[in-house]
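As stored in data.csv (CSV, C-alpha atoms and all ligand atoms):
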chain,number,residue,atom,x,y,z
A,887,MET,CA,113.6,111.8,135.5
A,888,VAL,CA,115.4,113.1,132.4
A,889,ALA,CA,112.2,114.8,131.2
A,890,ALA,CA,111.9,116.6,134.6
A,891,LEU,CA,115.5,117.8,134.5
A,892,GLU,CA,114.9,119.2,131.0
A,893,ARG,CA,111.6,120.9,132.0
A,894,ARG,CA,112.8,122.3,135.3
A,895,TYR,CA,116.4,123.2,134.6
A,896,GLY,CA,116.7,123.2,130.8
A,897,ILE,CA,119.3,120.3,130.9
A,898,THR,CA,119.3,118.7,127.5
A,899,GLY,CA,120.9,115.6,126.1
A,900,LEU,CA,120.8,113.4,129.3
A,901,THR,CA,120.0,109.7,129.0
A,902,GLU,CA,118.5,107.7,131.9
A,903,SER,CA,121.9,105.9,132.2
A,904,ALA,CA,123.6,109.2,132.9
A,905,VAL,CA,121.5,109.7,136.1
A,906,LEU,CA,122.3,107.8,139.3
A,907,PRO,CA,120.2,107.9,142.5
A,908,VAL,CA,122.2,108.4,145.7
A,909,ILE,CA,121.4,108.0,149.4
A,910,GLY,CA,121.2,111.8,149.8
A,911,THR,CA,123.8,114.0,148.3
A,912,LYS,CA,125.9,114.3,151.4
A,913,GLU,CA,126.9,110.7,151.0
A,914,LEU,CA,127.8,111.2,147.3
A,915,ILE,CA,129.9,114.2,148.1
A,916,ALA,CA,131.7,112.6,151.0
A,917,TRP,CA,132.6,109.5,149.0
A,918,LEU,CA,133.0,110.8,145.5
A,919,PRO,CA,136.8,111.3,145.7
A,920,THR,CA,137.2,107.8,147.2
A,921,LEU,CA,134.8,106.2,144.7
A,922,LEU,CA,136.8,107.8,141.9
A,923,GLY,CA,140.0,106.3,143.3
A,924,LEU,CA,141.6,109.6,144.3
A,925,GLY,CA,144.4,109.5,146.8
A,926,ALA,CA,147.4,111.3,148.3
A,927,ASP,CA,148.8,112.4,144.9
A,928,ASP,CA,145.5,114.1,143.9
A,929,LEU,CA,144.2,117.6,144.5
A,930,VAL,CA,140.6,118.4,145.2
A,931,VAL,CA,139.5,122.0,144.9
A,932,VAL,CA,136.6,123.2,147.1
A,933,PRO,CA,135.1,126.7,147.4
A,934,GLU,CA,136.6,129.0,150.0
A,935,LEU,CA,133.3,129.3,151.8
A,936,ALA,CA,131.6,126.0,151.6
A,937,TYR,CA,129.5,123.2,152.9
A,938,PRO,CA,132.1,121.3,154.9
A,939,THR,CA,131.4,117.9,153.3
A,940,TYR,CA,133.6,118.7,150.2
A,941,ASP,CA,136.6,118.9,152.5
A,942,VAL,CA,135.4,115.7,154.3
A,943,GLY,CA,135.3,113.9,151.0
A,944,ALA,CA,138.8,114.8,150.1
A,945,ARG,CA,140.1,113.9,153.5
A,946,LEU,CA,138.3,110.5,153.5
A,947,ALA,CA,140.2,109.7,150.2
A,948,GLY,CA,143.5,111.0,151.7
A,949,ALA,CA,143.6,113.6,148.9
A,950,GLN,CA,145.0,117.1,149.1
A,951,VAL,CA,142.6,120.0,149.4
A,952,LEU,CA,142.8,123.5,148.0
A,953,TYR,CA,140.3,126.2,148.9
A,954,ALA,CA,139.9,128.4,145.9
A,955,ASP,CA,137.1,130.4,144.1
A,956,SER,CA,139.1,131.3,141.0
A,957,LEU,CA,141.3,129.5,138.6
A,958,THR,CA,144.1,131.9,139.0
A,959,GLN,CA,144.5,130.7,142.6
A,960,LEU,CA,145.4,127.3,141.3
A,961,GLY,CA,148.6,128.4,139.5
A,962,PRO,CA,150.1,125.6,137.4
A,963,GLN,CA,148.4,122.8,139.5
A,964,THR,CA,146.0,120.4,137.8
A,965,PRO,CA,143.5,119.1,140.3
A,966,ALA,CA,141.7,115.8,139.8
A,967,LEU,CA,138.3,117.2,140.9
A,968,VAL,CA,136.8,120.6,141.4
A,969,PHE,CA,133.7,121.1,143.5
A,970,VAL,CA,131.5,124.2,142.8
A,971,ASN,CA,128.2,125.0,144.5
A,972,SER,CA,125.8,127.6,143.0
A,973,PRO,CA,123.6,128.8,144.6
A,974,SER,CA,126.1,128.6,147.5
A,975,ASN,CA,125.6,127.3,150.9
A,976,PRO,CA,126.3,129.4,153.0
A,977,THR,CA,126.4,132.6,151.0
A,978,GLY,CA,123.6,132.3,148.5
A,979,GLN,CA,125.9,133.5,145.8
A,980,VAL,CA,125.0,132.5,142.2
A,981,LEU,CA,127.8,131.8,139.7
A,982,GLY,CA,126.9,133.3,136.3
A,983,VAL,CA,127.0,131.5,133.0
A,984,ASP,CA,130.3,133.1,132.0
A,985,HIS,CA,132.0,132.0,135.2
A,986,LEU,CA,130.8,128.4,134.7
A,987,ARG,CA,131.7,128.3,131.0
A,988,LYS,CA,135.2,129.5,131.8
A,989,LEU,CA,135.6,126.8,134.5
A,990,VAL,CA,134.2,124.1,132.2
A,991,GLY,CA,136.5,125.1,129.3
A,992,TRP,CA,139.5,125.2,131.6
A,993,ALA,CA,138.6,121.8,133.2
A,994,ARG,CA,138.0,120.2,129.8
A,995,ASP,CA,141.4,121.3,128.5
A,996,ARG,CA,143.1,119.6,131.4
A,997,GLY,CA,140.8,116.5,131.9
A,998,VAL,CA,139.7,117.7,135.3
A,999,LEU,CA,136.3,116.5,136.6
A,1000,VAL,CA,133.9,119.2,137.7
A,1001,ALA,CA,131.3,118.2,140.4
A,1002,SER,CA,128.6,120.9,140.6
A,1003,ASP,CA,126.5,120.7,143.7
A,1004,GLU,CA,123.2,122.2,142.5
A,1005,CYS,CA,121.0,121.3,145.5
A,1006,TYR,CA,119.6,124.9,145.7
A,1007,LEU,CA,119.2,125.4,141.9
A,1008,GLY,CA,115.4,125.7,142.1
A,1009,LEU,CA,115.4,128.2,145.0
A,1010,HIS,CA,116.2,131.5,143.4
A,1011,TRP,CA,115.2,135.1,144.2
A,1012,ASP,CA,117.3,137.9,142.7
A,1013,ALA,CA,119.4,135.8,140.3
A,1014,GLU,CA,118.8,132.9,137.9
A,1015,PRO,CA,121.2,130.1,138.7
A,1016,VAL,CA,122.1,127.7,135.9
A,1017,SER,CA,123.1,124.0,135.9
A,1018,VAL,CA,126.6,123.1,134.7
A,1019,LEU,CA,124.8,120.7,132.3
A,1020,HIS,CA,122.8,123.5,130.7
A,1021,PRO,CA,123.7,124.0,127.1
A,1022,SER,CA,124.6,127.6,127.7
A,1023,VAL,CA,127.4,126.4,129.9
A,1024,CYS,CA,128.6,123.2,128.4
A,1025,ASP,CA,127.3,123.4,124.7
A,1026,GLY,CA,125.5,120.1,125.3
A,1027,ASP,CA,128.7,118.2,126.0
A,1028,HIS,CA,128.6,116.6,129.5
A,1029,THR,CA,132.1,115.1,129.3
A,1030,GLY,CA,133.9,115.6,132.6
A,1031,LEU,CA,130.8,117.1,134.3
A,1032,LEU,CA,128.7,115.9,137.2
A,1033,ALA,CA,125.6,117.8,138.5
A,1034,VAL,CA,124.6,116.8,142.1
A,1035,HIS,CA,121.0,117.3,143.0
A,1036,SER,CA,119.2,116.8,146.3
A,1037,LEU,CA,115.5,116.3,146.9
A,1038,SER,CA,116.0,117.4,150.5
A,1039,LYS,CA,115.6,121.1,149.8
A,1040,SER,CA,113.4,121.4,146.7
A,1041,SER,CA,110.9,118.7,147.8
A,1042,SER,CA,111.5,118.6,151.6
A,1043,LEU,CA,112.6,114.9,151.3
A,1044,ALA,CA,115.6,115.2,153.7
A,1045,GLY,CA,114.4,112.3,155.8
A,1046,TYR,CA,114.1,110.1,152.7
A,1047,ARG,CA,117.8,110.5,151.9
A,1048,ALA,CA,117.1,111.1,148.2
A,1049,GLY,CA,119.3,112.7,145.6
A,1050,PHE,CA,121.0,111.9,142.3
A,1051,VAL,CA,124.1,112.6,140.3
A,1052,ALA,CA,123.8,113.2,136.6
A,1053,GLY,CA,126.2,114.1,133.7
A,1054,ASP,CA,129.1,112.3,132.1
A,1055,GLU,CA,127.7,108.9,131.3
A,1056,ALA,CA,131.1,107.1,131.6
A,1057,VAL,CA,131.8,108.6,135.0
A,1058,VAL,CA,128.2,107.9,136.2
A,1059,GLY,CA,128.5,104.3,134.9
A,1060,GLU,CA,131.8,103.9,136.8
A,1061,LEU,CA,130.2,105.2,140.0
A,1062,LEU,CA,127.3,102.8,139.6
A,1063,ALA,CA,129.6,99.9,139.1
A,1064,VAL,CA,131.6,100.7,142.2
A,1065,ARG,CA,128.6,101.7,144.3
A,1066,LYS,CA,126.6,98.6,143.7
A,1067,HIS,CA,129.5,96.4,144.8
A,1068,ALA,CA,129.8,98.6,147.9
A,1069,GLY,CA,126.0,98.2,148.8
A,1070,MET,CA,125.3,101.9,148.1
A,1071,MET,CA,122.0,101.3,146.3
A,1072,VAL,CA,119.0,103.5,146.8
A,1073,PRO,CA,115.9,101.5,147.9
A,1074,ARG,CA,113.2,101.2,145.3
A,1075,PRO,CA,110.5,103.2,147.3
A,1076,VAL,CA,113.0,106.1,147.7
A,1077,GLN,CA,113.7,106.0,143.9
A,1078,ALA,CA,109.9,106.1,143.4
A,1079,ALA,CA,109.7,109.1,145.7
A,1080,ILE,CA,112.4,110.9,143.7
A,1081,VAL,CA,110.5,110.3,140.5
A,1082,ALA,CA,107.2,111.5,142.1
A,1083,ALA,CA,108.9,114.6,143.5
A,1084,LEU,CA,110.5,115.5,140.2
A,1085,ASP,CA,107.1,115.1,138.5
A,1086,ASP,CA,105.4,117.3,141.0
A,1087,ASP,CA,106.1,120.8,139.7
A,1088,ALA,CA,103.2,122.3,141.7
A,1089,HIS,CA,104.8,121.2,145.0
A,1090,GLU,CA,108.2,122.5,143.9
A,1091,ARG,CA,106.6,125.9,143.1
A,1092,GLU,CA,104.7,125.9,146.5
A,1093,GLN,CA,108.0,125.2,148.3
A,1094,ARG,CA,109.8,128.0,146.5
A,1095,GLU,CA,107.0,130.5,147.3
A,1096,ARG,CA,107.1,129.5,150.9
A,1097,TYR,CA,110.8,130.2,151.2
A,1098,ARG,CA,110.3,133.4,149.1
A,1099,ARG,CA,107.7,134.7,151.6
A,1100,ARG,CA,110.0,133.9,154.6
A,1101,ARG,CA,112.9,135.6,153.0
A,1102,GLY,CA,110.7,138.6,152.1
A,1103,VAL,CA,110.0,139.3,155.8
A,1104,LEU,CA,113.3,138.1,157.3
A,1105,LEU,CA,115.7,139.9,155.0
A,1106,PRO,CA,114.3,143.5,155.7
A,1107,ALA,CA,114.1,142.7,159.4
A,1108,PHE,CA,117.8,141.9,159.5
A,1109,GLN,CA,118.5,145.1,157.6
A,1110,SER,CA,116.4,147.2,159.9
A,1111,ALA,CA,118.3,145.7,162.8
A,1112,GLY,CA,121.5,147.1,161.3
A,1113,PHE,CA,122.8,144.0,159.5
A,1114,THR,CA,124.3,144.0,156.0
A,1115,VAL,CA,123.0,141.2,153.9
A,1116,ASP,CA,125.6,139.9,151.4
A,1117,HIS,CA,124.8,137.8,148.3
A,1118,SER,CA,121.8,135.7,149.5
A,1119,GLU,CA,120.4,136.1,146.0
A,1120,ALA,CA,119.3,132.4,145.9
A,1121,GLY,CA,119.2,129.3,148.1
A,1122,LEU,CA,118.0,128.7,151.6
A,1123,TYR,CA,120.1,131.1,153.6
A,1124,LEU,CA,120.7,134.7,154.4
A,1125,TRP,CA,124.4,135.6,154.7
A,1126,VAL,CA,124.5,138.5,157.1
A,1127,THR,CA,127.0,140.6,159.1
A,1128,ARG,CA,127.1,143.2,161.8
A,1129,GLY,CA,130.8,143.9,160.9
A,1130,GLU,CA,132.0,142.1,164.0
A,1131,PRO,CA,133.4,138.6,164.8
A,1132,CYS,CA,130.7,136.0,163.9
A,1133,ARG,CA,130.7,134.6,167.4
A,1134,ASP,CA,129.6,138.0,168.8
A,1135,THR,CA,126.8,138.1,166.3
A,1136,VAL,CA,125.7,134.5,167.2
A,1137,GLY,CA,125.6,135.7,170.8
A,1138,TRP,CA,123.7,138.8,170.0
A,1139,LEU,CA,121.1,136.8,168.1
A,1140,ALA,CA,121.0,134.0,170.8
A,1141,GLN,CA,120.1,136.7,173.4
A,1142,ARG,CA,117.0,137.3,171.3
A,1143,GLY,CA,116.3,133.6,170.9
A,1144,ILE,CA,117.5,133.4,167.3
A,1145,LEU,CA,119.8,130.6,166.2
A,1146,ALA,CA,122.3,131.3,163.4
A,1147,ALA,CA,125.4,129.4,162.3
A,1148,PRO,CA,128.8,131.2,162.7
A,1149,GLY,CA,130.3,131.9,159.3
A,1150,GLU,CA,133.7,130.6,160.3
A,1151,PHE,CA,132.1,127.1,160.2
A,1152,TYR,CA,132.3,127.4,156.4
A,1153,GLY,CA,135.9,128.8,156.1
A,1154,PRO,CA,138.0,131.6,157.5
A,1155,ARG,CA,136.5,134.2,155.1
A,1156,GLY,CA,133.3,133.7,156.9
A,1157,ALA,CA,134.7,135.0,160.2
A,1158,ARG,CA,132.5,138.1,160.3
A,1159,HIS,CA,129.3,136.7,158.9
A,1160,VAL,CA,126.5,134.4,160.2
A,1161,ARG,CA,124.3,132.1,158.2
A,1162,VAL,CA,120.5,132.4,158.8
A,1163,ALA,CA,118.3,129.6,157.5
A,1164,LEU,CA,114.9,130.1,156.0
A,1165,THR,CA,113.9,126.7,157.1
A,1166,ALA,CA,112.2,127.5,160.4
A,1167,THR,CA,108.4,127.4,160.3
A,1168,ASP,CA,106.4,130.6,159.3
A,1169,GLU,CA,105.5,131.1,162.9
A,1170,ARG,CA,109.1,130.9,164.1
A,1171,ILE,CA,110.2,133.3,161.3
A,1172,ALA,CA,107.5,135.8,162.3
A,1173,ALA,CA,108.7,135.5,165.9
A,1174,ALA,CA,112.3,136.2,164.8
A,1175,VAL,CA,111.1,139.2,162.8
A,1176,ASP,CA,109.3,140.6,165.9
A,1177,ARG,CA,112.4,140.1,168.0
A,1178,LEU,CA,114.7,141.8,165.4
A,1179,THR,CA,112.5,144.8,164.9
A,1180,ASP,CA,111.4,145.3,168.6
B,1,LIG,C1,125.5,122.5,149.6
B,1,LIG,C2,124.9,121.2,150.1
B,1,LIG,N1,125.1,120.1,149.4
B,1,LIG,C3,124.6,118.9,149.8
B,1,LIG,C4,123.8,118.9,151.0
B,1,LIG,C5,123.3,117.5,151.4
B,1,LIG,O1,122.0,117.3,151.3
B,1,LIG,P1,121.3,115.9,151.3
B,1,LIG,O2,122.4,114.9,151.8
B,1,LIG,O3,120.2,116.0,152.2
B,1,LIG,O4,120.9,115.5,149.9
B,1,LIG,C6,123.6,120.0,151.7
B,1,LIG,C7,122.7,119.9,152.9
B,1,LIG,O5,122.6,120.8,153.7
B,1,LIG,C8,124.1,121.2,151.2
B,1,LIG,O6,123.9,122.4,151.9

Could you show the structure in this file as structure tokens?
Amino acid sequence: MVAALERRYGITGLTESAVLPVIGTKELIAWLPTLLGLGADDLVVVPELAYPTYDVGARLAGAQVLYADSLTQLGPQTPALVFVNSPSNPTGQVLGVDHLRKLVGWARDRGVLVASDECYLGLHWDAEPVSVLHPSVCDGDHTGLLAVHSLSKSSSLAGYRAGFVAGDEAVVGELLAVRKHAGMMVPRPVQAAIVAALDDDAHEREQRERYRRRRGVLLPAFQSAGFTVDHSEAGLYLWVTRGEPCRDTVGWLAQRGILAAPGEFYGPRGARHVRVALTATDERIAAAVDRLTD
């Protein structure tokens, strides 16, 4: 596994004991604050537009939640845990090396744990995302850093519930100790599937090219139908707007038989966007293109 992470994402300095399989990353994200022992006195920072499970995780632990994309929004507060997600669900935004370096330096100075959800790291189109464990971000020091990786997207293993968390060996060790006593072990065959998937670079490339082709037809179709496409430089989604409330856009698309997620699901700043997934089959994507350009 460690060799695959170095080959694919340039993550150096990991040992096998710094990598822990999880039962899909949703479970890890939802339980991480609880497994870390966070509670009412602790603050968890989540991106302003985000996959809802970061918030779920903080709530399950009874911790406080702050929605923030920049450190200045935190003021003098010192959170216990900061979630970042690059490439982002839902926007497809990629955080650059400078942004991540600054976050890591700030977190390190304060003893804050950073959990970087990197489940779309391999799916990039117009920008090159980087892992928080990449030496250009962390100088090879994984202290206080966790990278969360899912096999659901890069290898289509969603039904297997296959993912892993890697990084700070002490934190990973602590998570393993708690999780094994809580019965949160990943079955051996699923662990074998994770290893097989990480060793199968040809399949990963094929997947990426499939999504690239779908994006290549769907993105211009949305633009020619009068949509503005924001971010969407990586990941599995187009983040689009018609400059109107998202529910109106969802309705407009539904009349054409196209299903999109209202941006407000992901936070108030998404109120005028919708999220369009590239996960439909090629045939369904082609049908959506026809309907948008008719
Ligand atoms: C940003 C993000 N993180 C984590 C997950 C969870 O993926 P899984 O539980 O299948 O590993 C998803 C799934 O959509 C996601 O979008």

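Coordinates place atom CA of His985 of chain A at a distance of 13.3 Å from atom CA of His1020 of chain A.
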
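Residues with at least one atom no more than 6 Å from (120.2, 111.0, 140.0), using only C-alpha atoms, are Val905, Leu906, Pro907, Gly1049, Phe1050, Val1051 and Ala1052 of chain A.
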
*asked:* Could you list the protein, DNA and RNA residues that have any atom within 10 Å of ligand LIG 1 (chain B), counting only C-alpha atoms and all ligand atoms, and write them as a ChimeraX atom specification?
replied: /A:908-916,936-940,970-976,1002-1006,1034-1039,1042-1050,1121-1123

*Between A:Thr1127, A:Thr964, A:Ser1040, A:Thr1114, which one has atoms that come closest to Asp1087 of chain A, using all atoms listed in the file?*
A:Ser1040

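Distances to Thr1029 of chain A were evaluated for A:Gly978, A:Gly991, A:Gly1156, A:Gly1008 using all atoms listed in the file, and the minimum falls at A:Gly991.
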
*Of the candidates A:Leu922, A:Ser956, A:Arg1161, A:Leu946, which shows the shortest atom-to-atom distance to Leu999 of chain A, using only C-alpha atoms?*
A:Leu922

*Residue nearest Pro965 of chain A - candidates A:Arg1065, A:Arg994, A:Arg1101, A:His1159, atoms counted: all atoms listed in the file*: A:Arg994

*Can you work out the spacing between atom CA of Ala1001 of chain A and atom CA of Ser1041 of chain A in Å, to one decimal?*
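Going from atom CA of Ala1001 of chain A over to atom CA of Ser1041 of chain A, I get 21.7 Å.
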
*Grab the atom CA of Arg1158 of chain A to atom CA of Pro1106 of chain A distance for me, in Å with one decimal place.*
19.5 Å

_Among listed residues A:Val1000, A:Ala1083, A:Ala947, A:Val980, nearest Pro1015 of chain A (using all atoms listed in the file)_ =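 The closest residue to Pro1015 of chain A is A:Val980.
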